[in-house]
Structures are given as structure tokens and as C-alpha cells.
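Single-structure report; data block below.
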Amino acid sequence: MGQVIDVEKVLKRINDFSNERDWNQFHSIKNLSMALSVESSELVEIYQWISEDESNDISNEIIKNKAREELADIFIYLLKIASKMDIDLETAALEKLDLNEVKYPVDKSKGNSKKYSEF
Ligand SMILES: [Mg+2]
């Protein structure tokens, strides 16, 4: 991928879209969190009845385009929530990865999918 995301550019479009429609009144953190969950479920729905192998076939343009749209929806809500909460997602993600590295040390977690509480 190697892409640099211009968060401010995307967030401006998100906010312009909401402002033009006077929709901010509906965008409580609760409502946005629920919308994010719905969009995540829409992503899951794409893969619900297909095999793991089919899900990993990124040459299937129909499935890929559906997933692309849902990932965009998820990203939009994620940015909107983080913005409303004044959370820097890059810092938050890097800090969470620091925590995950402590929870899942390589010597205990390499090659297995056990939850940290099962070590
Ligand atoms: Mg959607």
C-alpha cells in the first residue's frame, strides 16, 4: 500500500457533507458508534456465505468493490468519531500496538491464535 492518507482532506469532505445537510444534530458519539458498527457488519455480510478461500481472492472485482465501499464507510465514521472526540488516530493506533506487543510477546504468540489470557 505505502499510502499517506490526508486525514484533514477527507475530514473536510465529511464535515462539508454533514453541514450541507444539517446532519450534525444526529451525530452524537453514540449514534456514530452505532453507525460504525452497522458498517462493520455490512463488511462482514459480504463474506458471510462464502469460503475463506473465496474471501481471500482479491481478483474477484465484484466482492472487492463491495468491500471497498464498506471500508470507506467504516473509515468515514471512524474519522468522524475520532474528530468529535479530539483523538489523534495515528498516535492512538501506535500506542495500542505498543500495548498489543506487551500482551502478545513473540515467544508466546508466534504461530498461534490464542488470546493473551490463555497463555
Ligand atoms: Mg455501508
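Labels for the C-alpha cells follow display order: chains A, B, ..., residues from 1 in each chain, ligands from 1.
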
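The residue set within 9 Å of range 97-107 of chain A, counting only C-alpha atoms and dropping same-chain residues fewer than 6 places from it, reads Lys115, Tyr116 and Ser117 of chain A.
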
Test item: residues no farther than 12 Å from ligand 1, counting only C-alpha atoms and all ligand atoms, as number ranges by chain
A: 35-46, 65-77

Can you tell me which residues surround Asn15 in chain A at a distance of at most 9 Å, considering only C-alpha atoms, apart from same-chain residues fewer than 5 positions away, and format the answer as a compact mmCIF listing (two decimals) with C-alpha atoms, in the first residue's frame?
# COMPACT_ATOMS: atom_id res chain seq x y z
CA VAL A 10 -11.11 13.56 3.98
CA GLU A 20 -24.77 20.96 3.95
CA ASN A 24 -24.59 17.16 12.78
CA LYS A 80 -15.81 11.45 12.34

If we count only C-alpha atoms and set the cut-off at 9 Å, which residues sit around Lys84 in chain A, ignoring sequence neighbours fewer than 4 positions away in its own chain? Please answer as a CSV table (one decimal) with C-alpha atoms, in the first residue's frame.
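Ended up saving to result.csv:
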chain,number,residue,atom,x,y,z
A,28,SER,CA,-23.8,12.1,18.7
A,29,ILE,CA,-20.9,9.9,19.6
A,79,LEU,CA,-12.6,9.7,11.3
A,80,LYS,CA,-15.8,11.4,12.3

Would you mind writing down, as number ranges by chain, each residue of chain A that DSSP on the backbone assigns to alpha helix (DSSP H)?
A: 7-21, 29-47, 52-55, 61-84, 89-103, 106-109

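A straight line drawn from CA of Asp22 in chain A to CA of Asp6 in chain A is 24.5 Å long.
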
List the spatial neighbours of Met85 in chain A as a list in words - criterion: any atom at most 12 Å away, only C-alpha atoms, same-chain residues fewer than 2 positions off excluded.
His27, Ser28, Ile29, Lys30, Leu32, Ser33, Leu78, Leu79, Lys80, Ile81, Ala82, Ser83, Ile87, Asp88 and Leu89 of chain A

Include N, CA, C and O atoms and write out the residues we just selected as a short mmCIF file (atom, residue, chain, number, x, y, z; two decimals), in the first residue's frame.
data_model
loop_
_atom_site.label_atom_id
_atom_site.label_comp_id
_atom_site.auth_asym_id
_atom_site.auth_seq_id
_atom_site.Cartn_x
_atom_site.Cartn_y
_atom_site.Cartn_z
N HIS A 27 -25.45 13.44 14.92
CA HIS A 27 -24.15 12.78 15.03
C HIS A 27 -23.59 12.81 16.44
O HIS A 27 -22.48 13.29 16.67
N SER A 28 -24.36 12.29 17.38
CA SER A 28 -23.80 12.09 18.72
C SER A 28 -22.75 10.98 18.61
O SER A 28 -22.75 10.19 17.65
N ILE A 29 -21.90 10.91 19.60
CA ILE A 29 -20.88 9.86 19.60
C ILE A 29 -21.56 8.49 19.66
O ILE A 29 -21.12 7.53 19.01
N LYS A 30 -22.64 8.41 20.40
CA LYS A 30 -23.41 7.14 20.46
C LYS A 30 -23.91 6.75 19.07
O LYS A 30 -23.70 5.63 18.62
N LEU A 32 -22.92 7.75 16.12
CA LEU A 32 -21.82 7.48 15.19
C LEU A 32 -21.19 6.12 15.48
O LEU A 32 -20.81 5.39 14.56
N SER A 33 -21.08 5.77 16.76
CA SER A 33 -20.54 4.45 17.12
C SER A 33 -21.44 3.34 16.61
O SER A 33 -20.95 2.31 16.10
N LEU A 78 -15.18 6.28 11.41
CA LEU A 78 -14.03 6.27 12.32
C LEU A 78 -13.41 7.66 12.44
O LEU A 78 -13.17 8.15 13.55
N LEU A 79 -13.20 8.31 11.31
CA LEU A 79 -12.62 9.65 11.34
C LEU A 79 -13.55 10.64 12.03
O LEU A 79 -13.11 11.50 12.79
N LYS A 80 -14.84 10.52 11.76
CA LYS A 80 -15.81 11.45 12.34
C LYS A 80 -15.83 11.32 13.87
O LYS A 80 -15.83 12.31 14.59
N ILE A 81 -15.85 10.08 14.36
CA ILE A 81 -15.87 9.86 15.81
C ILE A 81 -14.57 10.38 16.44
O ILE A 81 -14.60 11.09 17.44
N ALA A 82 -13.45 10.02 15.86
CA ALA A 82 -12.16 10.45 16.41
C ALA A 82 -12.07 11.97 16.43
O ALA A 82 -11.59 12.56 17.40
N SER A 83 -12.57 12.60 15.37
CA SER A 83 -12.54 14.06 15.29
C SER A 83 -13.40 14.67 16.39
O SER A 83 -12.99 15.60 17.09
N ILE A 87 -9.38 12.89 19.17
CA ILE A 87 -8.42 11.80 19.31
C ILE A 87 -7.56 11.74 18.04
O ILE A 87 -8.09 11.72 16.93
N ASP A 88 -6.25 11.73 18.23
CA ASP A 88 -5.31 11.57 17.13
C ASP A 88 -5.18 10.06 16.86
O ASP A 88 -4.60 9.33 17.65
N LEU A 89 -5.77 9.63 15.75
CA LEU A 89 -5.83 8.18 15.48
C LEU A 89 -4.46 7.56 15.26
O LEU A 89 -4.24 6.42 15.64
#

Pick out the closest residue to Lys64 in chain A from this set: A:Val7, A:Glu52, A:Tyr47, A:Ser18. Count only C-alpha atoms.
A:Tyr47

What's the separation between CA of Val4 in chain A and CA of Asn31 in chain A, in Å to one decimal place?
28.6 Å
